[in-house]
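So this one's my_file26.csv, CSV, C-alpha atoms:
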```csv
chain,number,residue,atom,x,y,z
A,1,MET,CA,107.1,89.9,88.3
A,2,GLU,CA,110.3,92.0,88.2
A,3,MET,CA,112.2,92.6,91.5
A,4,ASN,CA,111.5,96.3,91.2
A,5,ALA,CA,107.8,95.8,90.7
A,6,ALA,CA,107.6,93.4,93.6
A,7,VAL,CA,109.4,96.0,95.9
A,8,THR,CA,107.0,98.7,94.7
A,9,PHE,CA,104.0,96.4,95.4
A,10,ILE,CA,105.2,95.7,99.0
A,11,LEU,CA,106.1,99.4,99.6
A,12,ALA,CA,102.6,100.4,98.3
A,13,ILE,CA,101.0,98.0,100.8
A,14,ILE,CA,103.1,99.3,103.7
A,15,SER,CA,102.5,102.9,102.7
A,16,GLY,CA,98.8,102.4,102.5
A,17,MET,CA,98.8,100.7,105.9
A,18,LEU,CA,101.0,102.9,108.0
A,19,VAL,CA,102.2,106.1,106.3
A,20,ASP,CA,99.0,107.1,104.6
A,21,ASN,CA,96.6,105.4,107.0
A,22,VAL,CA,93.1,105.9,105.8
A,23,LEU,CA,91.7,106.6,109.3
A,24,LEU,CA,94.5,108.4,111.1
A,25,SER,CA,96.1,110.4,108.3
A,26,ARG,CA,93.3,110.9,105.8
A,27,PHE,CA,90.4,110.8,108.4
A,28,TYR,CA,88.2,108.7,106.1
A,29,GLY,CA,85.6,106.4,107.6
A,30,CYS,CA,85.6,108.0,111.1
A,31,CYS,CA,81.9,107.1,111.6
A,32,SER,CA,82.4,103.4,111.8
A,33,PHE,CA,85.8,103.9,113.5
A,34,ILE,CA,84.1,105.5,116.5
A,35,GLY,CA,80.8,103.6,116.3
A,36,VAL,CA,82.0,100.0,116.0
A,37,SER,CA,85.1,100.1,118.3
A,38,LYS,CA,83.4,99.4,121.6
A,39,LYS,CA,83.9,95.6,121.3
A,40,VAL,CA,87.0,94.0,119.9
A,41,GLU,CA,84.9,91.2,118.2
A,42,SER,CA,82.7,93.7,116.4
A,43,ALA,CA,85.8,95.8,115.4
A,44,VAL,CA,87.4,92.7,113.9
A,45,GLY,CA,84.2,91.8,112.1
A,46,MET,CA,83.8,95.3,110.7
A,47,GLY,CA,87.5,95.5,109.8
A,48,ILE,CA,87.3,92.2,107.9
A,49,ALA,CA,84.1,93.3,106.1
A,50,VAL,CA,85.8,96.6,105.1
A,51,VAL,CA,88.9,94.7,103.9
A,52,PHE,CA,86.7,92.5,101.7
A,53,VAL,CA,84.7,95.4,100.3
A,54,ILE,CA,87.7,97.6,99.5
A,55,ILE,CA,89.7,94.8,97.9
A,56,PHE,CA,86.8,93.5,95.8
A,57,ALA,CA,85.6,97.0,94.9
A,58,SER,CA,89.1,97.8,93.6
A,59,LEU,CA,89.3,94.5,91.8
A,60,ILE,CA,86.0,95.2,90.0
A,61,CYS,CA,86.2,98.9,89.5
A,62,TRP,CA,89.6,99.1,87.9
A,63,PRO,CA,88.6,96.9,84.9
A,64,ILE,CA,85.2,98.6,84.6
A,65,TYR,CA,86.9,102.0,84.4
A,66,ASN,CA,89.8,101.1,82.1
A,67,PHE,CA,88.0,98.6,79.8
A,68,ILE,CA,84.4,100.0,79.7
A,69,LEU,CA,84.2,103.6,80.8
A,70,VAL,CA,87.4,105.0,79.1
A,71,PRO,CA,86.9,103.2,75.7
A,72,LEU,CA,83.3,104.3,75.6
A,73,ASP,CA,84.4,107.9,76.5
A,74,ILE,CA,82.1,108.0,79.6
A,75,ALA,CA,84.8,108.3,82.3
A,76,PHE,CA,82.6,111.0,84.0
A,77,MET,CA,80.4,108.1,85.1
A,78,ASP,CA,83.1,106.7,87.4
A,79,THR,CA,81.8,107.9,90.8
A,80,ILE,CA,78.2,106.6,90.1
A,81,THR,CA,79.6,103.3,88.9
A,82,TYR,CA,81.8,102.9,92.0
A,83,ILE,CA,78.9,103.7,94.3
A,84,LEU,CA,76.7,101.1,92.7
A,85,VAL,CA,79.5,98.5,92.7
A,86,ILE,CA,80.2,99.2,96.4
A,87,ALA,CA,76.5,99.1,97.3
A,88,SER,CA,76.1,95.7,95.6
A,89,LEU,CA,79.2,94.3,97.4
A,90,VAL,CA,77.9,95.5,100.7
A,91,GLN,CA,74.6,93.8,100.1
A,92,PHE,CA,76.4,90.6,99.2
A,93,ILE,CA,78.5,90.8,102.4
A,94,ALA,CA,75.4,91.4,104.5
A,95,ILE,CA,73.8,88.3,103.1
A,96,VAL,CA,76.9,86.2,103.9
A,97,ILE,CA,77.3,87.6,107.4
A,98,LYS,CA,73.5,87.3,108.2
A,99,LYS,CA,73.6,83.7,107.2
A,100,TYR,CA,76.8,82.5,108.7
A,101,MET,CA,77.6,84.9,111.5
A,102,PRO,CA,74.3,86.1,112.9
A,103,LYS,CA,75.9,87.3,116.2
A,104,LEU,CA,78.3,89.5,114.3
A,105,TYR,CA,75.4,90.7,112.1
A,106,ASN,CA,73.5,91.8,115.2
A,107,SER,CA,76.5,93.5,116.7
A,108,LEU,CA,77.4,95.5,113.6
A,109,GLY,CA,73.8,96.7,113.3
A,110,ILE,CA,73.4,99.8,111.1
A,111,TYR,CA,77.1,100.1,110.5
A,112,LEU,CA,77.1,97.2,108.1
A,113,PRO,CA,74.9,98.8,105.5
A,114,LEU,CA,76.7,102.0,106.2
A,115,ILE,CA,79.9,100.6,104.7
A,116,THR,CA,78.2,101.7,101.4
A,117,THR,CA,78.6,105.3,102.4
A,118,ASN,CA,82.0,104.7,104.1
A,119,CYS,CA,84.2,107.2,102.4
A,120,ALA,CA,87.2,105.1,103.0
A,121,VAL,CA,86.0,102.6,100.4
A,122,LEU,CA,85.0,105.1,97.8
A,123,GLY,CA,88.1,107.2,98.6
A,124,VAL,CA,90.5,104.3,97.8
A,125,VAL,CA,88.8,103.4,94.6
A,126,GLN,CA,88.6,107.0,93.4
A,127,ALA,CA,92.2,107.6,94.4
A,128,ASN,CA,93.3,104.6,92.3
A,129,THR,CA,91.6,106.2,89.3
A,130,ASP,CA,92.8,109.7,89.9
A,131,MET,CA,96.4,108.6,90.4
A,132,GLU,CA,96.2,106.5,87.3
A,133,TYR,CA,97.6,103.5,89.1
A,134,SER,CA,98.3,100.2,87.2
A,135,PHE,CA,96.1,97.2,88.2
A,136,ALA,CA,98.9,95.8,90.5
A,137,LEU,CA,99.5,99.1,92.2
A,138,SER,CA,95.8,99.8,92.7
A,139,MET,CA,95.4,96.3,94.3
A,140,ALA,CA,98.5,97.0,96.5
A,141,SER,CA,97.0,100.3,97.5
A,142,ALA,CA,93.6,98.6,98.3
A,143,ILE,CA,95.2,95.8,100.3
A,144,GLY,CA,97.4,98.2,102.3
A,145,THR,CA,94.6,100.7,103.0
A,146,SER,CA,92.1,98.1,104.0
A,147,LEU,CA,94.7,96.3,106.3
A,148,GLY,CA,95.5,99.8,107.8
A,149,PHE,CA,91.8,100.2,108.5
A,150,LEU,CA,91.6,96.8,110.2
A,151,LEU,CA,94.8,97.4,112.2
A,152,VAL,CA,93.7,100.7,113.5
A,153,ILE,CA,90.1,99.8,114.4
A,154,VAL,CA,91.2,96.7,116.3
A,155,VAL,CA,94.0,98.5,118.2
A,156,PHE,CA,91.5,101.3,119.0
A,157,ALA,CA,88.9,98.8,120.2
A,158,CYS,CA,91.4,97.1,122.5
A,159,ILE,CA,92.4,100.5,123.9
A,160,ARG,CA,88.7,101.4,124.5
A,161,ASN,CA,88.2,98.1,126.2
A,162,ARG,CA,91.0,98.9,128.6
A,163,LEU,CA,89.7,102.4,129.1
A,164,ASP,CA,86.4,101.0,130.3
A,165,SER,CA,88.1,99.7,133.4
A,166,CYS,CA,90.1,102.9,134.0
A,167,ALA,CA,89.3,105.7,136.3
A,168,VAL,CA,88.3,108.3,133.7
A,169,PRO,CA,86.8,111.6,134.8
A,170,LYS,CA,83.0,111.4,134.5
A,171,CYS,CA,82.8,114.2,131.9
A,172,LEU,CA,85.3,112.4,129.7
A,173,LYS,CA,83.7,108.9,129.9
A,174,GLY,CA,82.7,107.3,126.6
A,175,THR,CA,83.1,109.1,123.3
A,176,PRO,CA,85.1,112.1,124.6
A,177,ILE,CA,88.0,110.0,125.9
A,178,ALA,CA,87.7,107.8,122.7
A,179,LEU,CA,88.2,111.0,120.6
A,180,ILE,CA,91.2,112.1,122.6
A,181,THR,CA,92.7,108.6,122.3
A,182,ALA,CA,92.1,108.7,118.5
A,183,SER,CA,93.8,112.0,118.2
A,184,LEU,CA,96.8,110.7,120.2
A,185,MET,CA,97.0,107.7,117.9
A,186,SER,CA,96.8,110.0,114.9
A,187,ILE,CA,99.8,111.9,116.3
A,188,ALA,CA,101.7,108.6,116.8
A,189,PHE,CA,101.0,107.7,113.2
A,190,LEU,CA,102.6,111.0,112.1
A,191,GLY,CA,105.9,109.4,113.0
A,192,PHE,CA,105.6,107.3,109.8
A,193,LEU,CA,105.2,110.4,107.6
A,194,GLY,CA,107.8,110.6,104.8
A,195,MET,CA,109.0,107.0,105.5
A,196,ILE,CA,108.0,105.8,102.0
A,197,THR,CA,107.5,107.9,98.9
A,198,LEU,CA,106.2,106.1,95.8
B,1,MET,CA,75.3,111.4,67.3
B,2,GLU,CA,78.4,111.0,69.5
B,3,ILE,CA,76.6,112.6,72.4
B,4,PHE,CA,73.6,110.4,71.9
B,5,LEU,CA,75.9,107.3,72.1
B,6,ARG,CA,77.6,108.5,75.3
B,7,VAL,CA,74.2,109.1,76.9
B,8,LEU,CA,73.0,105.7,75.8
B,9,PHE,CA,76.1,103.9,77.1
B,10,SER,CA,75.9,105.8,80.4
B,11,ILE,CA,72.2,104.8,80.9
B,12,ILE,CA,73.0,101.1,80.0
B,13,ILE,CA,75.8,100.9,82.5
B,14,PHE,CA,73.7,102.6,85.2
B,15,VAL,CA,70.8,100.3,84.6
B,16,VAL,CA,72.9,97.1,84.5
B,17,LEU,CA,74.6,98.0,87.8
B,18,PHE,CA,71.4,99.2,89.4
B,19,VAL,CA,69.7,95.9,88.5
B,20,VAL,CA,72.5,93.9,90.1
B,21,PHE,CA,72.2,96.0,93.2
B,22,VAL,CA,68.4,95.6,93.4
B,23,VAL,CA,68.7,91.8,92.9
B,24,LEU,CA,71.2,91.6,95.8
B,25,TYR,CA,69.2,93.9,97.9
B,26,ARG,CA,66.0,91.8,97.5
B,27,ILE,CA,67.9,88.6,98.3
B,28,ASN,CA,69.4,90.3,101.4
B,29,LYS,CA,65.9,91.4,102.5
B,30,LYS,CA,64.6,87.8,102.2
B,31,THR,CA,67.5,86.3,104.1
B,32,LYS,CA,66.5,86.0,107.7
B,33,VAL,CA,68.7,86.1,110.8
B,34,PRO,CA,68.5,82.7,112.6
B,35,LYS,CA,66.4,82.9,115.8
B,36,GLY,CA,68.1,83.2,119.1
B,37,ALA,CA,71.2,85.0,117.8
B,38,ARG,CA,72.2,87.6,120.3
B,39,GLU,CA,74.7,90.4,120.1
B,40,LEU,CA,78.4,89.6,120.8
B,41,GLU,CA,79.1,90.1,124.5
B,42,ARG,CA,82.2,91.2,126.2
B,43,ASN,CA,84.4,88.5,127.8
B,44,GLU,CA,82.5,87.8,131.0
B,45,PHE,CA,85.4,85.9,132.4
B,46,ALA,CA,87.8,88.9,132.1
B,47,CYS,CA,89.0,90.8,135.2
B,48,SER,CA,86.8,93.7,135.9
B,49,HIS,CA,89.8,95.9,136.8
B,50,CYS,CA,92.4,95.3,134.1
B,51,GLY,CA,90.4,93.4,131.4
B,52,HIS,CA,92.8,90.4,131.3
B,53,ALA,CA,91.2,87.0,131.1
B,54,ASP,CA,94.2,85.4,132.9
B,55,CYS,CA,94.6,88.1,135.6
B,56,LYS,CA,96.2,86.7,138.8
B,57,TYR,CA,93.8,88.7,140.9
B,58,PHE,CA,90.8,87.5,138.9
B,59,LYS,CA,89.9,84.6,141.2
B,60,ALA,CA,90.1,86.8,144.3
B,61,ASP,CA,88.0,89.4,142.5
B,62,LYS,CA,85.3,86.8,141.7
B,63,LYS,CA,85.3,85.6,145.3
B,64,GLU,CA,84.9,89.1,146.5
B,65,GLU,CA,81.7,89.5,144.4
B,66,LYS,CA,80.2,86.3,145.9
```

When written as C-alpha coordinates, how does the structure in this file appear?
Amino acid sequence: MEMNAAVTFILAIISGMLVDNVLLSRFYGCCSFIGVSKKVESAVGMGIAVVFVIIFASLICWPIYNFILVPLDIAFMDTITYILVIASLVQFIAIVIKKYMPKLYNSLGIYLPLITTNCAVLGVVQANTDMEYSFALSMASAIGTSLGFLLVIVVFACIRNRLDSCAVPKCLKGTPIALITASLMSIAFLGFLGMITL
Amino acid sequence: MEIFLRVLFSIIIFVVLFVVFVVLYRINKKTKVPKGARELERNEFACSHCGHADCKYFKADKKEEK
(Lines of atoms letter the chains of each structure in order from A and count residues from 1; the text may use other names and numbers.)
(Lines give C-alpha, C1' and ligand atoms only; values in the text may rest on other atoms or scores of the structure.)
Protein backbone atom coordinates (compact mmCIF):
# COMPACT_ATOMS: atom_id res chain seq x y z
CA MET A 1 0.00 0.00 0.00
CA GLU A 2 1.33 3.42 -0.91
CA MET A 3 2.17 5.86 1.86
CA ASN A 4 -0.52 8.23 0.67
CA ALA A 5 -3.16 5.51 0.61
CA ALA A 6 -2.17 4.35 4.09
CA VAL A 7 -2.48 7.90 5.45
CA THR A 8 -5.89 8.30 3.77
CA PHE A 9 -6.99 4.97 5.29
CA ILE A 10 -6.00 6.04 8.81
CA LEU A 11 -7.49 9.51 8.36
CA ALA A 12 -10.77 7.95 7.18
CA ILE A 13 -10.88 5.83 10.34
CA ILE A 14 -10.23 8.83 12.62
CA SER A 15 -12.69 10.94 10.67
CA GLY A 16 -15.45 8.32 10.98
CA MET A 17 -14.69 7.88 14.67
CA LEU A 18 -14.45 11.45 15.90
CA VAL A 19 -15.18 14.13 13.30
CA ASP A 20 -18.21 12.54 11.66
CA ASN A 21 -19.32 10.50 14.65
CA VAL A 22 -22.36 8.47 13.70
CA LEU A 23 -24.17 9.10 17.00
CA LEU A 24 -23.20 12.60 18.02
CA SER A 25 -22.77 14.33 14.64
CA ARG A 26 -25.13 12.46 12.34
CA PHE A 27 -27.58 11.31 15.04
CA TYR A 28 -28.00 7.81 13.59
CA GLY A 29 -28.87 4.89 15.88
CA CYS A 30 -30.06 7.01 18.81
CA CYS A 31 -32.61 4.35 19.84
CA SER A 32 -30.04 1.80 20.98
CA PHE A 33 -27.78 4.63 22.19
CA ILE A 34 -30.34 5.65 24.81
CA GLY A 35 -31.83 2.18 25.36
CA VAL A 36 -28.71 0.09 25.99
CA SER A 37 -26.53 2.60 27.84
CA LYS A 38 -27.82 1.90 31.34
CA LYS A 39 -25.17 -0.71 32.08
CA VAL A 40 -21.57 -0.54 30.91
CA GLU A 41 -21.43 -4.30 30.21
CA SER A 42 -24.51 -4.17 27.96
CA ALA A 43 -23.16 -1.07 26.21
CA VAL A 44 -19.86 -2.83 25.48
CA GLY A 45 -21.76 -5.89 24.17
CA MET A 46 -24.04 -3.77 22.00
CA GLY A 47 -21.10 -1.72 20.72
CA ILE A 48 -19.13 -4.81 19.76
CA ALA A 49 -22.20 -6.33 18.06
CA VAL A 50 -22.69 -3.13 16.03
CA VAL A 51 -18.96 -3.02 15.16
CA PHE A 52 -19.21 -6.59 13.86
CA VAL A 53 -22.40 -5.93 11.87
CA ILE A 54 -21.16 -2.66 10.30
CA ILE A 55 -17.76 -4.06 9.28
CA PHE A 56 -19.14 -7.31 7.88
CA ALA A 57 -22.07 -5.55 6.18
CA SER A 58 -19.62 -3.24 4.41
CA LEU A 59 -17.35 -6.16 3.58
CA ILE A 60 -20.24 -8.07 1.96
CA CYS A 61 -22.23 -5.20 0.46
CA TRP A 62 -19.38 -3.50 -1.44
CA PRO A 63 -18.63 -6.55 -3.67
CA ILE A 64 -22.35 -7.29 -4.09
CA TYR A 65 -22.97 -3.74 -5.32
CA ASN A 66 -19.90 -3.41 -7.54
CA PHE A 67 -19.67 -6.94 -8.95
CA ILE A 68 -23.33 -8.00 -9.11
CA LEU A 69 -25.76 -5.08 -8.99
CA VAL A 70 -23.84 -2.63 -11.22
CA PRO A 71 -22.88 -5.13 -14.00
CA LEU A 72 -26.45 -6.47 -14.10
CA ASP A 73 -27.74 -2.87 -14.25
CA ILE A 74 -29.92 -3.30 -11.17
CA ALA A 75 -28.21 -0.79 -8.88
CA PHE A 76 -31.67 0.39 -7.77
CA MET A 77 -31.86 -2.82 -5.71
CA ASP A 78 -29.08 -1.61 -3.40
CA THR A 79 -31.16 -0.65 -0.35
CA ILE A 80 -33.21 -3.87 -0.38
CA THR A 81 -30.03 -5.91 -0.78
CA TYR A 82 -28.33 -4.11 2.10
CA ILE A 83 -31.33 -4.60 4.38
CA LEU A 84 -31.38 -8.34 3.70
CA VAL A 85 -27.62 -8.66 4.23
CA ILE A 86 -27.81 -6.71 7.51
CA ALA A 87 -30.82 -8.72 8.70
CA SER A 88 -29.00 -11.98 8.00
CA LEU A 89 -25.88 -10.77 9.81
CA VAL A 90 -27.93 -9.77 12.84
CA GLN A 91 -29.54 -13.21 12.96
CA PHE A 92 -26.09 -14.77 12.78
CA ILE A 93 -24.83 -12.57 15.64
CA ALA A 94 -27.92 -13.38 17.70
CA ILE A 95 -27.18 -17.10 17.34
CA VAL A 96 -23.56 -16.62 18.46
CA ILE A 97 -24.42 -14.38 21.44
CA LYS A 98 -27.32 -16.62 22.50
CA LYS A 99 -25.07 -19.66 22.52
CA TYR A 100 -21.87 -18.26 24.02
CA MET A 101 -22.94 -15.14 25.99
CA PRO A 102 -26.45 -15.84 27.33
CA LYS A 103 -26.20 -13.17 30.05
CA LEU A 104 -25.37 -10.54 27.46
CA TYR A 105 -28.19 -11.87 25.25
CA ASN A 106 -30.71 -11.38 28.06
CA SER A 107 -29.37 -7.90 28.82
CA LEU A 108 -29.54 -6.72 25.20
CA GLY A 109 -33.14 -7.93 24.92
CA ILE A 110 -35.08 -6.41 22.05
CA TYR A 111 -32.18 -4.13 21.08
CA LEU A 112 -30.23 -7.01 19.54
CA PRO A 113 -32.73 -7.79 16.74
CA LEU A 114 -33.28 -4.05 16.46
CA ILE A 115 -29.74 -3.65 15.07
CA THR A 116 -31.43 -4.71 11.82
CA THR A 117 -33.29 -1.41 11.79
CA ASN A 118 -30.41 0.57 13.28
CA CYS A 119 -29.96 3.32 10.73
CA ALA A 120 -26.27 3.63 11.68
CA VAL A 121 -25.60 0.31 9.97
CA LEU A 122 -27.63 1.00 6.84
CA GLY A 123 -26.40 4.61 6.80
CA VAL A 124 -22.73 3.60 6.65
CA VAL A 125 -23.24 1.02 3.91
CA GLN A 126 -25.43 3.38 1.88
CA ALA A 127 -22.96 6.25 2.31
CA ASN A 128 -20.14 4.03 1.02
CA THR A 129 -22.17 3.46 -2.14
CA ASP A 130 -23.31 7.06 -2.58
CA MET A 131 -19.81 8.49 -2.08
CA GLU A 132 -18.44 5.87 -4.53
CA TYR A 133 -15.69 4.88 -2.10
CA SER A 134 -13.07 2.31 -3.09
CA PHE A 135 -13.11 -0.98 -1.17
CA ALA A 136 -10.30 0.13 1.17
CA LEU A 137 -11.91 3.48 1.86
CA SER A 138 -15.32 1.94 2.50
CA MET A 139 -13.71 -0.50 4.97
CA ALA A 140 -11.90 2.39 6.68
CA SER A 141 -15.16 4.31 6.89
CA ALA A 142 -16.92 1.24 8.33
CA ILE A 143 -14.18 0.59 10.91
CA GLY A 144 -14.04 4.25 11.95
CA THR A 145 -17.78 4.70 12.19
CA SER A 146 -18.34 1.49 14.14
CA LEU A 147 -15.49 2.25 16.56
CA GLY A 148 -16.98 5.72 16.99
CA PHE A 149 -20.31 4.09 17.92
CA LEU A 150 -18.58 1.78 20.42
CA LEU A 151 -16.57 4.64 21.94
CA VAL A 152 -19.54 6.94 22.42
CA ILE A 153 -21.98 4.31 23.75
CA VAL A 154 -19.42 3.06 26.32
CA VAL A 155 -18.46 6.58 27.46
CA PHE A 156 -22.14 7.48 27.70
CA ALA A 157 -22.90 4.32 29.72
CA CYS A 158 -20.09 5.21 32.15
CA ILE A 159 -21.47 8.74 32.54
CA ARG A 160 -24.98 7.37 33.15
CA ASN A 161 -23.58 4.99 35.76
CA ARG A 162 -22.05 7.92 37.62
CA LEU A 163 -25.24 9.94 37.21
CA ASP A 164 -27.20 7.23 39.04
CA SER A 165 -25.36 8.05 42.24
CA CYS A 166 -25.59 11.84 41.79
CA ALA A 167 -28.17 14.14 43.34
CA VAL A 168 -30.23 14.82 40.21
CA PRO A 169 -33.55 16.73 40.55
CA LYS A 170 -36.43 14.26 40.55
CA CYS A 171 -37.97 15.62 37.35
CA LEU A 172 -34.69 15.07 35.48
CA LYS A 173 -33.89 11.55 36.75
CA GLY A 174 -33.47 8.84 34.14
CA THR A 175 -33.94 9.62 30.46
CA PRO A 176 -34.17 13.47 30.68
CA ILE A 177 -30.72 13.85 32.26
CA ALA A 178 -29.40 11.22 29.81
CA LEU A 179 -30.66 13.31 26.88
CA ILE A 180 -29.10 16.48 28.34
CA THR A 181 -25.81 14.59 28.79
CA ALA A 182 -25.99 13.32 25.18
CA SER A 183 -26.53 16.86 23.89
CA LEU A 184 -23.52 18.13 25.90
CA MET A 185 -21.42 15.28 24.49
CA SER A 186 -22.61 16.22 21.00
CA ILE A 187 -21.48 19.82 21.57
CA ALA A 188 -18.13 18.52 22.80
CA PHE A 189 -17.72 16.46 19.61
CA LEU A 190 -18.36 19.63 17.57
CA GLY A 191 -14.82 20.55 18.59
CA PHE A 192 -13.52 17.98 16.10
CA LEU A 193 -15.44 19.56 13.20
CA GLY A 194 -13.24 20.45 10.23
CA MET A 195 -10.22 18.67 11.74
CA ILE A 196 -9.98 16.23 8.81
CA THR A 197 -11.28 16.71 5.26
CA LEU A 198 -11.00 13.74 2.93
CA MET B 1 -36.19 -8.02 -23.30
CA GLU B 2 -33.72 -5.90 -21.37
CA ILE B 3 -36.34 -4.90 -18.81
CA PHE B 4 -37.40 -8.52 -18.46
CA LEU B 5 -33.80 -9.52 -17.65
CA ARG B 6 -33.45 -6.73 -15.09
CA VAL B 7 -36.63 -7.78 -13.35
CA LEU B 8 -35.52 -11.42 -13.44
CA PHE B 9 -32.11 -10.65 -11.93
CA SER B 10 -33.72 -8.46 -9.27
CA ILE B 11 -36.06 -11.27 -8.26
CA ILE B 12 -33.23 -13.84 -8.22
CA ILE B 13 -31.06 -11.66 -5.97
CA PHE B 14 -33.97 -10.90 -3.66
CA VAL B 15 -34.95 -14.56 -3.38
CA VAL B 16 -31.37 -15.75 -2.74
CA LEU B 17 -30.80 -13.18 0.02
CA PHE B 18 -34.24 -13.79 1.50
CA VAL B 19 -33.63 -17.54 1.66
CA VAL B 20 -30.30 -16.93 3.45
CA PHE B 21 -32.10 -14.70 5.93
CA VAL B 22 -34.91 -17.21 6.54
CA VAL B 23 -32.45 -20.07 7.10
CA LEU B 24 -30.51 -18.01 9.67
CA TYR B 25 -33.76 -16.86 11.28
CA ARG B 26 -34.96 -20.45 11.72
CA ILE B 27 -31.62 -21.54 13.18
CA ASN B 28 -31.79 -18.57 15.56
CA LYS B 29 -35.32 -19.55 16.62
CA LYS B 30 -34.23 -23.11 17.34
CA THR B 31 -31.20 -22.03 19.37
CA LYS B 32 -32.18 -21.87 23.03
CA VAL B 33 -30.71 -19.70 25.76
CA PRO B 34 -29.10 -21.93 28.42
CA LYS B 35 -31.22 -22.21 31.56
CA GLY B 36 -30.30 -20.08 34.55
CA ALA B 37 -28.71 -17.26 32.53
CA ARG B 38 -29.74 -14.02 34.18
CA GLU B 39 -29.28 -10.44 33.02
CA LEU B 40 -25.98 -8.72 33.65
CA GLU B 41 -26.08 -6.93 36.97
CA ARG B 42 -24.37 -3.77 38.09
CA ASN B 43 -21.19 -4.17 40.12
CA GLU B 44 -22.59 -4.96 43.54
CA PHE B 45 -19.24 -4.30 45.16
CA ALA B 46 -19.11 -0.70 43.92
CA CYS B 47 -19.53 2.24 46.27
CA SER B 48 -23.12 3.40 46.36
CA HIS B 49 -22.01 7.07 46.32
CA CYS B 50 -19.29 7.42 43.70
CA GLY B 51 -19.58 4.11 41.81
CA HIS B 52 -15.90 3.20 42.26
CA ALA B 53 -15.09 -0.39 43.17
CA ASP B 54 -11.97 0.67 45.07
CA CYS B 55 -13.48 3.64 46.91
CA LYS B 56 -11.67 4.28 50.20
CA TYR B 57 -14.98 5.03 51.90
CA PHE B 58 -16.50 1.82 50.56
CA LYS B 59 -15.75 -0.34 53.62
CA ALA B 60 -17.17 2.25 56.00
CA ASP B 61 -20.16 2.50 53.70
CA LYS B 62 -20.80 -1.23 53.90
CA LYS B 63 -20.37 -1.26 57.68
CA GLU B 64 -22.90 1.51 57.95
CA GLU B 65 -25.43 -0.61 56.05
CA LYS B 66 -24.91 -3.54 58.42

Counting all atoms listed in the file, figure out which residue out of A:Val53, A:Val155, A:Met131, A:Val40 gets nearest to chain B.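 Using all atoms listed in the file, chain B sits closest to A:Val40.
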
Just how far from CA of Phe9 in chain A is CA of Thr129 in chain A, in Å to one decimal? 16.9 Å

Select residues of chain A: the criterion is any atom within 8 Å of an atom of chain B, counting only C-alpha atoms; output as JSON, numbers by chain. {"A": [39, 41, 42, 72, 73, 74, 77, 80, 81, 84, 85, 87, 88, 91, 92, 94, 95, 98, 99, 102, 103, 104, 106, 107, 161, 162, 165, 166]}

When you draw a straight line from CA of Phe56 in chain A to CA of Ile196 in chain A, how long is it in Å?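 Taking CA of Phe56 in chain A and CA of Ile196 in chain A, their separation equals 25.3 Å.
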
May I ask for the distance between CA of Ser15 in chain A and CA of Ile177 in chain A, given in Å to one decimal place?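 CA of Ser15 in chain A sits 28.3 Å away from CA of Ile177 in chain A.
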
Do you know which residues are at most 10 Å from Gly174 in chain A counting all atoms listed in the file, after dropping those on the same chain fewer than 6 positions away, and could you put them as a list in words?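 These residues fall inside the cut-off: Lys38, Arg160, Leu163, Asp164 and Val168 of chain A.
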
Ranking A:Ser25, A:Thr145, A:Ser138, A:Thr8 by minimum distance to Leu184 in chain A and counting only C-alpha atoms, which one comes first?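 Answer, going by the shortest atom-to-atom distance: A:Ser25.
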
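Considering the residues A:Phe27, A:Ile34, A:Leu11, A:Ala136 and counting only C-alpha atoms, Pro176 in chain A has its shortest atom-to-atom contact with A:Ile34.
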
Using all atoms listed in the file, which residues sit within 12 Å of Ala140 in chain A once same-chain residues fewer than 4 positions away are excluded, as a PyMOL selection string? chain A and resi 5-17+54-55+58-59+124-125+128+133-136+144-147+198

Return the single residue from A:Val154, A:Ile48, A:Leu179, A:Val22 that is closest to Ala120 in chain A, with distances computed using only C-alpha atoms. A:Val22

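The smallest atom-to-atom distance between Asp78 in chain A and any of A:Ser141, A:Ser37, A:Gln126, A:Ser32, using all atoms listed in the file, is found for A:Gln126.
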